[in-house]
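**Q** My structure file model.tsv, TSV, C-alpha atoms, is below:
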```tsv
chain	number	residue	atom	x	y	z
A	265	MET	CA	7.63	-40.08	-9.08
A	266	PRO	CA	5.37	-37.88	-11.27
A	267	ALA	CA	6.34	-34.26	-11.74
A	268	ALA	CA	4.36	-31.72	-9.77
A	269	ALA	CA	1.67	-29.87	-11.72
A	270	PRO	CA	2.60	-26.28	-12.58
A	271	LEU	CA	0.97	-23.61	-10.46
A	272	SER	CA	-1.89	-21.70	-12.04
A	273	ALA	CA	-1.53	-17.98	-12.71
A	274	ASN	CA	-3.99	-17.14	-9.92
A	275	VAL	CA	-2.17	-19.31	-7.38
A	276	LYS	CA	1.11	-17.62	-8.31
A	277	GLY	CA	-0.59	-14.27	-7.91
A	278	VAL	CA	-1.87	-15.19	-4.45
A	279	ILE	CA	1.60	-16.36	-3.37
A	280	PHE	CA	3.20	-13.12	-4.55
A	281	MET	CA	0.47	-11.03	-2.89
A	282	ALA	CA	0.93	-12.89	0.41
A	283	LEU	CA	4.72	-12.37	0.19
A	284	ALA	CA	4.20	-8.68	-0.57
A	285	MET	CA	1.96	-8.20	2.46
A	286	ALA	CA	4.42	-10.07	4.68
A	287	GLY	CA	7.24	-7.85	3.41
A	288	PHE	CA	5.30	-4.64	3.97
A	289	SER	CA	4.16	-5.70	7.45
A	290	MET	CA	7.65	-6.69	8.60
A	291	ASN	CA	8.98	-3.44	7.14
A	292	ASP	CA	6.43	-1.56	9.26
A	293	ALA	CA	7.47	-3.47	12.38
A	294	LEU	CA	11.16	-2.73	11.81
A	295	VAL	CA	10.43	0.97	11.21
A	296	LYS	CA	8.27	1.10	14.33
A	297	SER	CA	11.12	-0.41	16.35
A	298	VAL	CA	13.38	2.60	15.64
A	299	THR	CA	10.84	5.42	15.98
A	300	GLY	CA	11.89	6.01	19.57
A	301	GLU	CA	15.51	6.54	18.54
A	302	MET	CA	15.16	8.86	15.54
A	303	GLY	CA	12.63	11.14	13.90
A	304	THR	CA	10.40	10.51	10.90
A	305	ALA	CA	12.60	12.52	8.50
A	306	GLN	CA	15.77	10.68	9.52
A	307	ILE	CA	14.03	7.33	9.07
A	308	MET	CA	12.80	8.41	5.63
A	309	PHE	CA	16.31	9.49	4.66
A	310	LEU	CA	18.18	6.40	5.86
A	311	ARG	CA	15.64	3.85	4.65
A	312	GLY	CA	15.18	5.77	1.40
A	313	LEU	CA	18.92	5.94	0.78
A	314	MET	CA	19.35	2.19	1.15
A	315	THR	CA	16.21	1.44	-0.87
A	316	SER	CA	17.36	3.82	-3.63
A	317	VAL	CA	20.70	2.04	-3.97
A	318	LEU	CA	18.95	-1.32	-4.32
A	319	VAL	CA	16.26	-0.19	-6.75
A	320	ILE	CA	18.66	1.84	-8.94
A	321	ALA	CA	20.88	-1.23	-9.26
A	322	LEU	CA	17.85	-3.30	-10.28
A	323	ALA	CA	16.62	-0.68	-12.74
A	324	TRP	CA	20.08	-0.47	-14.32
A	325	GLN	CA	20.28	-4.25	-14.56
A	326	PHE	CA	16.91	-4.48	-16.34
A	327	GLY	CA	17.41	-1.40	-18.51
A	328	ALA	CA	14.58	0.48	-16.83
A	329	LEU	CA	16.37	3.81	-16.27
A	330	ARG	CA	15.02	6.78	-18.19
A	331	PRO	CA	15.81	10.55	-18.39
A	332	GLY	CA	14.99	12.35	-15.15
A	333	ARG	CA	12.86	14.94	-16.97
A	334	ILE	CA	10.07	12.34	-17.11
A	335	ALA	CA	9.49	13.19	-13.44
A	336	LEU	CA	8.23	16.61	-14.59
A	337	THR	CA	5.17	14.98	-16.16
A	338	PRO	CA	2.26	16.37	-14.06
A	339	VAL	CA	0.65	13.02	-13.26
A	340	LEU	CA	3.98	11.42	-12.29
A	341	ALA	CA	4.98	14.45	-10.23
A	342	LEU	CA	1.64	14.28	-8.38
A	343	ARG	CA	2.14	10.56	-7.78
A	344	ILE	CA	5.58	11.17	-6.27
A	345	PHE	CA	4.20	13.99	-4.10
A	346	ALA	CA	1.43	11.69	-2.86
A	347	GLU	CA	3.92	8.91	-2.07
A	348	VAL	CA	6.04	11.36	-0.06
A	349	GLY	CA	2.94	12.45	1.85
A	350	ALA	CA	1.97	8.83	2.52
A	351	SER	CA	5.45	8.04	3.85
A	352	LEU	CA	5.54	11.10	6.12
A	353	THR	CA	2.12	10.50	7.64
A	354	TYR	CA	2.45	6.73	8.07
A	355	ILE	CA	5.95	6.67	9.56
A	356	SER	CA	5.06	9.48	11.98
A	357	ALA	CA	2.02	7.48	13.13
A	358	LEU	CA	3.77	4.11	13.56
A	359	GLY	CA	5.57	5.12	16.72
A	360	GLN	CA	2.40	6.32	18.42
A	361	ILE	CA	-0.34	3.77	17.76
A	362	PRO	CA	-0.45	-0.06	17.70
A	363	LEU	CA	0.80	-1.68	14.50
A	364	ALA	CA	-2.49	-3.51	13.94
A	365	ASN	CA	-4.53	-0.30	14.30
A	366	ALA	CA	-2.43	1.44	11.66
A	367	ALA	CA	-2.71	-1.58	9.34
A	368	ALA	CA	-6.48	-1.80	9.89
A	369	ILE	CA	-7.07	1.83	8.92
A	370	LEU	CA	-4.81	1.35	5.90
A	371	GLN	CA	-7.10	-1.44	4.67
A	372	ALA	CA	-9.61	1.24	3.70
A	373	LEU	CA	-7.32	2.09	0.77
A	374	PRO	CA	-9.15	-0.05	-1.86
A	375	LEU	CA	-12.41	1.65	-0.84
A	376	ALA	CA	-10.79	5.08	-1.07
A	377	VAL	CA	-9.42	4.24	-4.53
A	378	THR	CA	-12.90	3.13	-5.67
A	379	LEU	CA	-14.36	6.38	-4.30
A	380	GLY	CA	-11.69	8.48	-6.00
A	381	ALA	CA	-12.11	6.65	-9.32
A	382	ALA	CA	-15.85	7.37	-9.22
A	383	LEU	CA	-15.47	11.04	-8.28
A	384	PHE	CA	-12.46	12.04	-10.37
A	385	LEU	CA	-12.09	9.47	-13.17
A	386	GLY	CA	-15.78	8.97	-13.93
A	387	GLU	CA	-15.69	5.22	-13.37
A	388	PRO	CA	-19.18	3.73	-12.82
A	389	VAL	CA	-19.97	2.67	-9.25
A	390	GLY	CA	-23.36	1.12	-8.48
A	391	TRP	CA	-25.35	1.73	-5.31
A	392	ARG	CA	-24.18	-1.54	-3.76
A	393	ARG	CA	-20.54	-0.51	-3.99
A	394	TRP	CA	-21.42	2.96	-2.70
A	395	MET	CA	-22.98	1.26	0.33
A	396	ALA	CA	-19.86	-0.90	0.75
A	397	ILE	CA	-17.69	2.23	0.72
A	398	VAL	CA	-19.85	3.88	3.38
A	399	VAL	CA	-19.82	0.75	5.55
A	400	GLY	CA	-16.04	0.45	5.13
A	401	PHE	CA	-15.48	3.98	6.36
A	402	ILE	CA	-17.79	3.27	9.30
A	403	GLY	CA	-15.39	0.42	10.08
A	404	VAL	CA	-12.52	2.93	10.05
A	405	LEU	CA	-14.44	5.08	12.55
A	406	ILE	CA	-14.89	2.02	14.77
A	407	VAL	CA	-11.12	1.48	14.76
A	408	LEU	CA	-10.57	5.20	15.40
A	409	ARG	CA	-13.14	5.23	18.24
A	410	PRO	CA	-13.96	8.97	18.22
A	411	GLY	CA	-13.16	10.18	21.72
A	412	PRO	CA	-10.22	11.08	23.94
A	413	GLU	CA	-8.50	7.68	23.62
A	414	GLY	CA	-9.09	6.66	20.02
A	415	PHE	CA	-9.40	9.80	17.90
A	416	THR	CA	-5.74	10.76	18.20
A	417	PRO	CA	-3.55	12.82	15.84
A	418	ALA	CA	-1.57	9.67	15.06
A	419	ALA	CA	-4.71	7.79	13.98
A	420	LEU	CA	-5.77	10.75	11.85
A	421	SER	CA	-2.29	10.70	10.34
A	422	VAL	CA	-2.95	7.17	9.07
A	423	VAL	CA	-6.25	8.39	7.60
A	424	ALA	CA	-4.26	11.11	5.80
A	425	CYS	CA	-1.92	8.37	4.58
A	426	VAL	CA	-4.92	6.56	3.05
A	427	VAL	CA	-5.87	9.74	1.17
A	428	PHE	CA	-2.32	10.22	-0.12
A	429	ALA	CA	-2.03	6.55	-1.10
A	430	ALA	CA	-5.36	6.69	-2.96
A	431	ILE	CA	-4.11	9.71	-4.93
A	432	ARG	CA	-0.92	7.78	-5.67
A	433	ASP	CA	-2.82	4.75	-6.97
A	434	LEU	CA	-5.19	6.84	-9.08
A	435	CYS	CA	-2.24	8.70	-10.62
A	436	THR	CA	-0.54	5.38	-11.37
A	437	ARG	CA	-3.45	4.47	-13.64
A	438	ARG	CA	-2.78	7.60	-15.71
A	439	ILE	CA	0.96	7.16	-16.20
A	440	ALA	CA	1.97	6.18	-19.73
A	441	ARG	CA	2.55	2.44	-20.07
A	442	GLU	CA	5.95	2.96	-21.67
A	443	VAL	CA	7.31	4.31	-18.36
A	444	PRO	CA	8.76	1.22	-16.56
A	445	SER	CA	7.42	0.45	-13.08
A	446	LEU	CA	10.99	0.16	-11.78
A	447	PHE	CA	11.79	3.67	-12.99
A	448	ILE	CA	8.74	5.04	-11.17
A	449	THR	CA	10.02	3.33	-8.03
A	450	VAL	CA	13.48	4.84	-8.58
A	451	LEU	CA	12.10	8.37	-8.87
A	452	THR	CA	9.84	7.92	-5.86
A	453	SER	CA	12.57	6.46	-3.67
A	454	VAL	CA	15.08	9.18	-4.58
A	455	VAL	CA	12.60	12.00	-3.92
A	456	ILE	CA	11.57	10.49	-0.57
A	457	THR	CA	15.26	10.30	0.37
A	458	LEU	CA	15.85	13.94	-0.58
A	459	VAL	CA	12.73	15.14	1.26
A	460	GLY	CA	13.76	13.18	4.34
A	461	ALA	CA	17.24	14.77	4.22
A	462	ALA	CA	15.74	18.27	3.86
A	463	LEU	CA	13.42	17.79	6.84
A	464	ILE	CA	15.97	16.40	9.30
A	465	GLY	CA	17.10	19.87	10.44
A	466	PRO	CA	13.64	21.46	10.85
A	467	THR	CA	12.31	18.40	12.73
A	468	GLY	CA	14.93	18.17	15.46
A	469	GLY	CA	18.23	17.46	13.75
A	470	TRP	CA	20.31	14.34	13.32
A	471	ARG	CA	20.35	11.79	16.13
A	472	PRO	CA	23.05	9.16	16.63
A	473	VAL	CA	22.17	5.83	15.02
A	474	GLY	CA	23.23	2.61	16.72
A	475	PRO	CA	24.26	-0.45	14.73
A	476	GLU	CA	21.08	-2.33	15.73
A	477	SER	CA	18.81	0.48	14.48
A	478	LEU	CA	20.82	0.74	11.28
A	479	ALA	CA	20.43	-3.01	10.76
A	480	HIS	CA	16.67	-2.69	11.33
A	481	LEU	CA	16.42	0.03	8.68
A	482	ALA	CA	18.56	-2.00	6.27
A	483	GLY	CA	16.18	-4.91	6.74
A	484	ALA	CA	13.20	-2.58	6.28
A	485	SER	CA	14.68	-1.29	3.01
A	486	PHE	CA	15.15	-4.80	1.67
A	487	LEU	CA	11.66	-5.91	2.73
A	488	LEU	CA	10.12	-2.78	1.21
A	489	LEU	CA	11.75	-3.55	-2.12
A	490	ILE	CA	10.60	-7.17	-1.92
A	491	GLY	CA	7.06	-5.98	-1.17
A	492	TYR	CA	7.00	-3.60	-4.14
A	493	GLN	CA	8.27	-6.21	-6.58
A	494	CYS	CA	6.00	-8.99	-5.29
A	495	ILE	CA	2.89	-6.84	-5.56
A	496	VAL	CA	3.73	-6.04	-9.18
A	497	LEU	CA	4.24	-9.76	-9.88
A	498	ALA	CA	0.97	-10.54	-8.08
A	499	MET	CA	-1.01	-8.16	-10.29
A	500	ARG	CA	0.70	-9.35	-13.47
A	501	ASN	CA	0.24	-13.07	-12.76
A	502	GLY	CA	-3.26	-13.40	-11.38
A	503	GLU	CA	-6.66	-11.83	-11.97
A	504	ILE	CA	-6.93	-8.68	-9.86
A	505	SER	CA	-10.36	-9.61	-8.48
A	506	PHE	CA	-8.97	-12.99	-7.34
A	507	VAL	CA	-5.64	-11.76	-5.99
A	508	ALA	CA	-6.53	-8.39	-4.43
A	509	PRO	CA	-8.51	-9.74	-1.41
A	510	PHE	CA	-5.32	-11.40	-0.17
A	511	ARG	CA	-4.09	-7.91	0.71
A	512	TYR	CA	-5.88	-8.50	3.97
A	513	THR	CA	-3.31	-11.10	5.01
A	514	SER	CA	-1.27	-8.08	6.12
A	515	LEU	CA	-3.62	-7.79	9.09
A	516	ILE	CA	-2.63	-11.25	10.31
A	517	TRP	CA	1.03	-10.26	10.12
A	518	SER	CA	0.46	-6.88	11.77
A	519	ILE	CA	-1.54	-8.33	14.66
A	520	GLY	CA	1.01	-11.11	15.19
A	521	LEU	CA	4.05	-8.82	15.00
A	522	GLY	CA	2.41	-6.25	17.26
A	523	LEU	CA	1.55	-8.92	19.83
A	524	ILE	CA	4.97	-10.63	19.82
A	525	PHE	CA	7.34	-7.66	19.60
A	526	PHE	CA	5.37	-4.72	21.02
A	527	ALA	CA	2.92	-6.46	23.43
A	528	GLU	CA	-0.02	-4.87	21.59
A	529	VAL	CA	-3.21	-6.80	22.33
A	530	PRO	CA	-6.13	-6.01	19.97
A	531	ASP	CA	-9.30	-4.90	21.76
A	532	VAL	CA	-12.88	-5.66	20.76
A	533	TRP	CA	-13.33	-2.32	18.97
A	534	MET	CA	-10.31	-2.88	16.78
A	535	VAL	CA	-11.37	-6.43	15.89
A	536	THR	CA	-14.91	-5.25	15.11
A	537	GLY	CA	-13.61	-2.44	12.90
A	538	ILE	CA	-11.29	-4.82	11.05
A	539	LEU	CA	-14.17	-7.20	10.33
A	540	VAL	CA	-16.32	-4.36	8.98
A	541	ILE	CA	-13.52	-2.95	6.79
A	542	VAL	CA	-12.50	-6.36	5.44
A	543	GLY	CA	-16.12	-7.38	4.83
A	544	SER	CA	-16.91	-4.23	2.88
A	545	GLY	CA	-13.65	-4.50	0.94
A	546	LEU	CA	-14.32	-8.12	-0.03
A	547	TYR	CA	-17.82	-7.19	-1.14
A	548	THR	CA	-16.39	-4.37	-3.27
A	549	PHE	CA	-13.97	-6.82	-4.93
A	550	TYR	CA	-16.87	-9.23	-5.49
A	551	ARG	CA	-19.05	-6.57	-7.15
A	552	GLU	CA	-16.14	-5.40	-9.29
A	553	ASN	CA	-15.57	-8.98	-10.48
A	554	ARG	CA	-19.28	-9.40	-11.26
A	555	ARG	CA	-19.28	-6.17	-13.26
A	556	ARG	CA	-16.15	-7.21	-15.19
A	557	VAL	CA	-17.54	-10.70	-15.99
A	558	ALA	CA	-20.83	-9.17	-17.15
A	559	ALA	CA	-18.98	-6.75	-19.43
A	560	ILE	CA	-16.94	-9.61	-20.95
A	561	ALA	CA	-20.08	-11.70	-21.46
A	562	GLN	CA	-21.83	-8.79	-23.18
A	563	THR	CA	-18.97	-8.20	-25.63
A	564	SER	CA	-18.83	-11.95	-26.38
A	565	GLU	CA	-22.51	-12.29	-27.39
A	566	PRO	CA	-23.13	-13.17	-31.04
A	567	GLY	CA	-23.53	-10.07	-33.15
A	568	THR	CA	-21.85	-7.83	-30.61
A	569	PRO	CA	-19.24	-5.56	-32.22
A	570	LYS	CA	-15.70	-6.53	-31.16
```
Produce structure tokens that represent the structure in this file.

**A**
Amino acid sequence: MPAAAPLSANVKGVIFMALAMAGFSMNDALVKSVTGEMGTAQIMFLRGLMTSVLVIALAWQFGALRPGRIALTPVLALRIFAEVGASLTYISALGQIPLANAAAILQALPLAVTLGAALFLGEPVGWRRWMAIVVGFIGVLIVLRPGPEGFTPAALSVVACVVFAAIRDLCTRRIAREVPSLFITVLTSVVITLVGAALIGPTGGWRPVGPESLAHLAGASFLLLIGYQCIVLAMRNGEISFVAPFRYTSLIWSIGLGLIFFAEVPDVWMVTGILVIVGSGLYTFYRENRRRVAAIAQTSEPGTPK
């Protein structure tokens, strides 16, 4: 029997991206399942504590630990602050709105990163991608449904999470390459744990944790770590323009998990908003790929300085 052909780099990237999105989505579902039993800060602390133990062990194993003073670097400190803000806003929203709605709004993140890169990093963005960004945010408004039922504080909290996550991703681009990704994850996880611990008292105090809820958070911690590592492997194996659109597989997971475990049935507005957001995001990835290919072709022309 002939040996199976090795997987291409892009196929490996797609597999890792799909695994990452599955991990993140199941983490969200497990976190949502305990929001009625404990507050956001307590969830951040318990999940962060377990995640920190796992990621510190990994970082030690791979020699990725560095002096803690690196966290004082302004861009890294801002990234950690943004990650804390994203965790606070997203976890607080999960218990109040359907899982698929939260995931749909979060899909505006690539558009927000493109917008931020244009405004703050000076990256060129043509009019077509500007239009895609505008259309994508219209899709977010469709999901939000401005009015008494849709435009809720919880939904706005997810929008705030998108802003924080965009700041996080933009800061990541500016972090020195010699700082290991695992060490960044260690710092972020430890700070989130400490912030969660500090906020438990002001946000209602400690609540008893049953064994089932603790098991859910342990599973969430493991899945979160799997998601982080798989997304790094996805970006390092495949071409970003080919792999990145598979982020949207998280919507399939979120809709399915919401339907099965929380009896959340998507309505026509949510489905319409998802289609608009995904369509604009895919077009943005397409234009980015076209721009990158054109740049490569230009530098490869005879007589072009290398």

**Q** Please, which residues are within 12 Å of (1.9, -8.8, 16.1) by the file's coordinates, counting all atoms listed in the file, and could they come as a PyMOL selection string?

**A** chain A and resi 286+289-290+292-294+296+362-367+514-530

**Q** Which residue is closest to Thr449 in chain A? Choose from A:Gly312, A:Gly502, A:Gly349, A:Gly380 and count all atoms listed in the file.

**A**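 The shortest atom-to-atom distance to Thr449 in chain A comes from A:Gly312.
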
**Q** Identify which of the residues A:Ile464, A:Ala372, A:Ala282, A:Ile439 lies closest to Phe309 in chain A, counting all atoms listed in the file when measuring atom-to-atom distances.

**A**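 Of all the options, A:Ile464 lies closest to Phe309 in chain A.
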
**Q** For Thr378 in chain A, which of A:Thr548, A:Thr337, A:Ser356, A:Gln325 is the closest residue, counting all atoms listed in the file?

**A** A:Thr548

**Q** Report the distance between CA of Tyr547 in chain A and CA of Pro388 in chain A in Å, rounded to one decimal place.

**A**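 Separation between CA of Tyr547 in chain A and CA of Pro388 in chain A: 16.0 Å.
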
**Q** Find the residue from A:Cys494, A:Leu463, A:Val317, A:Leu358 that sits nearest to Ala305 in chain A; use all atoms listed in the file when measuring.

**A**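 So, comparing all the options, the nearest one is A:Leu463.
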
**Q** Of the candidates A:Ile361, A:Ala440, A:Ala321, A:Val507, which shows the shortest atom-to-atom distance to Pro338 in chain A, using all atoms listed in the file?

**A**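 Of A:Ile361, A:Ala440, A:Ala321, A:Val507, the one nearest Pro338 in chain A is A:Ala440, counting all atoms listed in the file.
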
**Q** Taking into account only C-alpha atoms, which residue in the set A:Trp533, A:Phe384, A:Phe486, A:Tyr354 is nearest to Ser316 in chain A?

**A** A:Phe486

**Q** When you draw a straight line from CA of Ala396 in chain A to CA of Gly543 in chain A, how long is it in Å?

**A** 8.5 Å

**Q** With all atoms of range 481-485 of chain A from the file as input, state the centre and edge lengths in Å to one decimal of the axis-aligned box that has 5 Å extra on each side, as AutoDock Vina command-line options.

**A**
```
--center_x 15.9 --center_y -2.4 --center_z 5.8 --size_x 15.4 --size_y 14.9 --size_z 15.7
```

**Q** What lies within 10 Å of Val275 in chain A using all atoms listed in the file, ignoring chain neighbours under 5 positions off, as JSON, numbers by chain?

**A** {"A": [270, 280, 281, 498, 501, 502, 503, 506, 507]}

**Q** Between CA of Val454 in chain A and CA of Trp324 in chain A, what is the distance in Å, rounded to a tenth?

**A**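 Rounded to one decimal, the two atoms are 14.6 Å apart.
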
**Q** Which residues are near Gln306 in chain A? Cut-off 10 Å, only C-alpha atoms, ignore same chain within fewer than 6 positions. Put them as a PyMOL selection string.

**A** chain A and resi 299+312+457+459-465+467-471+473

**Q** Tell me, as a ChimeraX atom specification, which residues lie within 12 Å of Leu546 in chain A, counting all atoms listed in the file; anything in the same chain fewer than 6 positions away does not count.

**A** /A:371-372,374-375,393,396-397,399-400,505-512,538-540,552-553

**Q** Could you pull the residues within 9 Å of Arg330 in chain A, counting all atoms listed in the file, minus those fewer than 6 positions along the same chain, as JSON, numbers by chain?

**A** {"A": [443, 444, 447]}
